[in-house]
Amino acid sequence: MESSLEGHSDEVGCFVYKVLYETDFRNFPNTKDDTRIQSRRPFTPGQYVSIDLRRVKDKDENRHDNHHNDNHNGNNNEYTNNNETNHMSNAKNTEKKRNGPYLRLSDGSGWLFETKEGEVVMERVLDVEVGLWCFYADNYPSGIGLRSHPNDIITDILHYTGYKFLPMQKLYCDRKFRNEEGVNFYRVQGSFGWVFDKRRVIGEGDA
């Protein structure tokens with residue numbers, strides 16, 4: 001579902017992104033360093049994140065500089081050709097510096113971004129299935145923990161919600177995502193969290 005507000009448009013849904021470069025949480029939908037959430041560990045390459053909103057800004061924070069340059073000497077015919085050249089140059093620079101779309105984390109913990117200054121830092125996963133799956137929790141006697149994001153690394157406390165499904169507890173899921181290692185992740189219906197069918201990395205502790 002898409003909605004448009006002044007200055008930006010939002011796409012709401014269930015999206016999964018793969019992290020390509022280490023990226024910090026942001027308090028707000030921008031790429032500025034002073035909005036980083038310093039108390040949270042950054043996402044690292046290879047992790048996956050769950051997103052519930054994609055925001056595209058009609059005018060990103062870099063364009064005001066180009067707008068200023070475009071209007072410089074704009075009323076003087078003597079500089080018309082120079083202004084046209086500058087406009088083309090500024091348009092190319094704007095494209096290189098483009099930021100966004102901005103990505104809101106499904107658990108409400110902050111924002112990320114797909115590109116920063118034209119460089120892709122998050123890659124969208126397109127094969128997220130929509131359906132209905134019913135399971136009974138396994139992994140006796142520990143059960144299985146609900147993750148904020150579709151990752152199965154046992155030591156990654158960043159993604160553990162604190163909620164656990166006990167063995168043989170029934171759960172319904174409405175989204176499915178399979179990672180490159182062959183692990184299937186399912187989003188639990190009525191929540192923002194994910195469970196998985198098997199673990200890629202075996203270690204000590206709860207699932």
# chains A, B, ... in the order shown; residues from 1 in each chain; ligands from 1
$ residues_around --residues "Ile37 (chain A)" --least-positions-apart "3" --cutoff "10 Å" --atoms "only C-alpha atoms" --output "PyMOL selection string"
chain A and resi 24-28+33-34+40-42+109-111
$ write_last_selection --atoms "all heavy atoms" --output "JSON list (two decimals), in the first residue's frame"
[["chain", "number", "residue", "atom", "x", "y", "z"],
["A", 24, "ASP", "N", 24.58, 1.91, 10.80],
["A", 24, "ASP", "CA", 24.02, 2.25, 12.11],
["A", 24, "ASP", "C", 22.53, 2.58, 12.01],
["A", 24, "ASP", "O", 22.05, 3.08, 10.99],
["A", 24, "ASP", "CB", 24.75, 3.47, 12.70],
["A", 24, "ASP", "CG", 26.16, 3.14, 13.13],
["A", 24, "ASP", "OD1", 26.33, 2.24, 13.97],
["A", 24, "ASP", "OD2", 27.11, 3.77, 12.62],
["A", 25, "PHE", "N", 21.83, 2.31, 13.12],
["A", 25, "PHE", "CA", 20.45, 2.77, 13.25],
["A", 25, "PHE", "C", 20.43, 4.30, 13.19],
["A", 25, "PHE", "O", 21.35, 4.98, 13.63],
["A", 25, "PHE", "CB", 19.88, 2.37, 14.61],
["A", 25, "PHE", "CG", 19.66, 0.90, 14.81],
["A", 25, "PHE", "CD1", 20.73, 0.04, 14.99],
["A", 25, "PHE", "CD2", 18.37, 0.39, 14.87],
["A", 25, "PHE", "CE1", 20.52, -1.31, 15.20],
["A", 25, "PHE", "CE2", 18.16, -0.96, 15.08],
["A", 25, "PHE", "CZ", 19.23, -1.82, 15.25],
["A", 26, "ARG", "N", 19.32, 4.85, 12.68],
["A", 26, "ARG", "CA", 19.07, 6.30, 12.73],
["A", 26, "ARG", "C", 17.78, 6.57, 13.49],
["A", 26, "ARG", "O", 16.83, 5.77, 13.43],
["A", 26, "ARG", "CB", 18.93, 6.87, 11.31],
["A", 26, "ARG", "CG", 20.15, 7.61, 10.77],
["A", 26, "ARG", "CD", 21.38, 6.78, 10.68],
["A", 26, "ARG", "NE", 22.49, 7.51, 10.03],
["A", 26, "ARG", "CZ", 23.63, 6.94, 9.71],
["A", 26, "ARG", "NH1", 23.84, 5.66, 9.96],
["A", 26, "ARG", "NH2", 24.60, 7.63, 9.15],
["A", 27, "ASN", "N", 17.75, 7.72, 14.19],
["A", 27, "ASN", "CA", 16.53, 8.14, 14.87],
["A", 27, "ASN", "C", 15.46, 8.61, 13.90],
["A", 27, "ASN", "O", 14.27, 8.51, 14.19],
["A", 27, "ASN", "CB", 16.82, 9.29, 15.84],
["A", 27, "ASN", "CG", 17.45, 8.81, 17.13],
["A", 27, "ASN", "OD1", 17.01, 7.82, 17.70],
["A", 27, "ASN", "ND2", 18.48, 9.49, 17.58],
["A", 28, "PHE", "N", 15.91, 9.16, 12.77],
["A", 28, "PHE", "CA", 15.01, 9.76, 11.80],
["A", 28, "PHE", "C", 15.37, 9.26, 10.40],
["A", 28, "PHE", "O", 16.48, 8.78, 10.18],
["A", 28, "PHE", "CB", 15.11, 11.29, 11.86],
["A", 28, "PHE", "CG", 14.82, 11.87, 13.21],
["A", 28, "PHE", "CD1", 15.85, 12.26, 14.05],
["A", 28, "PHE", "CD2", 13.51, 12.00, 13.64],
["A", 28, "PHE", "CE1", 15.59, 12.79, 15.30],
["A", 28, "PHE", "CE2", 13.22, 12.52, 14.88],
["A", 28, "PHE", "CZ", 14.26, 12.92, 15.72],
["A", 33, "ASP", "N", 25.05, 11.77, 10.21],
["A", 33, "ASP", "CA", 25.76, 11.09, 11.29],
["A", 33, "ASP", "C", 25.22, 11.46, 12.67],
["A", 33, "ASP", "O", 25.26, 10.65, 13.60],
["A", 33, "ASP", "CB", 27.26, 11.40, 11.23],
["A", 33, "ASP", "CG", 27.92, 10.74, 10.03],
["A", 33, "ASP", "OD1", 27.34, 9.79, 9.48],
["A", 33, "ASP", "OD2", 29.02, 11.18, 9.64],
["A", 34, "ASP", "N", 24.70, 12.70, 12.82],
["A", 34, "ASP", "CA", 24.25, 13.12, 14.15],
["A", 34, "ASP", "C", 22.91, 12.51, 14.53],
["A", 34, "ASP", "O", 22.42, 12.74, 15.63],
["A", 34, "ASP", "CB", 24.18, 14.64, 14.24],
["A", 34, "ASP", "CG", 23.23, 15.26, 13.23],
["A", 34, "ASP", "OD1", 22.61, 14.50, 12.46],
["A", 34, "ASP", "OD2", 23.12, 16.51, 13.20],
["A", 40, "ARG", "N", 23.00, 1.39, 20.07],
["A", 40, "ARG", "CA", 22.67, 0.14, 19.38],
["A", 40, "ARG", "C", 23.83, -0.32, 18.51],
["A", 40, "ARG", "O", 24.47, 0.48, 17.84],
["A", 40, "ARG", "CB", 21.43, 0.33, 18.49],
["A", 40, "ARG", "CG", 20.19, 0.83, 19.22],
["A", 40, "ARG", "CD", 19.71, -0.15, 20.28],
["A", 40, "ARG", "NE", 19.35, -1.43, 19.73],
["A", 40, "ARG", "CZ", 18.11, -1.73, 19.31],
["A", 40, "ARG", "NH1", 17.14, -0.83, 19.36],
["A", 40, "ARG", "NH2", 17.83, -2.93, 18.83],
["A", 41, "ARG", "N", 24.10, -1.60, 18.56],
["A", 41, "ARG", "CA", 25.12, -2.16, 17.69],
["A", 41, "ARG", "C", 24.68, -2.06, 16.24],
["A", 41, "ARG", "O", 23.51, -2.28, 15.92],
["A", 41, "ARG", "CB", 25.40, -3.61, 18.05],
["A", 41, "ARG", "CG", 26.13, -3.79, 19.38],
["A", 41, "ARG", "CD", 26.54, -5.23, 19.57],
["A", 41, "ARG", "NE", 25.39, -6.11, 19.67],
["A", 41, "ARG", "CZ", 25.45, -7.45, 19.71],
["A", 41, "ARG", "NH1", 26.63, -8.03, 19.64],
["A", 41, "ARG", "NH2", 24.37, -8.16, 19.81],
["A", 42, "PRO", "N", 25.58, -1.73, 15.33],
["A", 42, "PRO", "CA", 25.20, -1.60, 13.92],
["A", 42, "PRO", "C", 24.89, -2.94, 13.28],
["A", 42, "PRO", "O", 25.33, -4.00, 13.75],
["A", 42, "PRO", "CB", 26.43, -0.95, 13.29],
["A", 42, "PRO", "CG", 27.57, -1.40, 14.14],
["A", 42, "PRO", "CD", 27.02, -1.43, 15.55],
["A", 109, "SER", "N", 12.50, 0.21, 16.06],
["A", 109, "SER", "CA", 13.73, 0.60, 16.76],
["A", 109, "SER", "C", 14.52, 1.68, 16.04],
["A", 109, "SER", "O", 15.50, 2.19, 16.58],
["A", 109, "SER", "CB", 14.61, -0.63, 16.98],
["A", 109, "SER", "OG", 14.97, -1.24, 15.76],
["A", 110, "GLY", "N", 14.15, 2.02, 14.80],
["A", 110, "GLY", "CA", 14.89, 3.05, 14.09],
["A", 110, "GLY", "C", 14.72, 2.96, 12.59],
["A", 110, "GLY", "O", 13.85, 2.26, 12.08],
["A", 111, "TRP", "N", 15.60, 3.67, 11.89],
["A", 111, "TRP", "CA", 15.56, 3.76, 10.43],
["A", 111, "TRP", "C", 16.90, 3.36, 9.83],
["A", 111, "TRP", "O", 17.95, 3.55, 10.45],
["A", 111, "TRP", "CB", 15.25, 5.19, 9.99],
["A", 111, "TRP", "CG", 13.86, 5.67, 10.31],
["A", 111, "TRP", "CD1", 13.42, 6.13, 11.52],
["A", 111, "TRP", "CD2", 12.75, 5.76, 9.42],
["A", 111, "TRP", "NE1", 12.10, 6.50, 11.43],
["A", 111, "TRP", "CE2", 11.66, 6.29, 10.15],
["A", 111, "TRP", "CE3", 12.57, 5.45, 8.06],
["A", 111, "TRP", "CZ2", 10.41, 6.51, 9.57],
["A", 111, "TRP", "CZ3", 11.33, 5.67, 7.48],
["A", 111, "TRP", "CH2", 10.26, 6.19, 8.23]]
$ residues_around --residues "region 165-180 of chain A" --least-positions-apart "4" --cutoff "10 Å" --atoms "only C-alpha atoms" --output "MDAnalysis selection string"
chainID A and resid 14:16 18 46:48 125:146 150:151 184:191 193:196 207
$ closest_residue --among "A:Gly182, A:Leu105, A:Asn30, A:Glu22" --to "Val49 (chain A)" --atoms "only C-alpha atoms"
A:Leu105
$ atom_distance --atom1 "CA of Asp10 (chain A)" --atom2 "CA of Pro101 (chain A)"
9.4 Å
$ atom_distance --atom1 "CA of Gly162 (chain A)" --atom2 "CA of Asp107 (chain A)"
12.7 Å
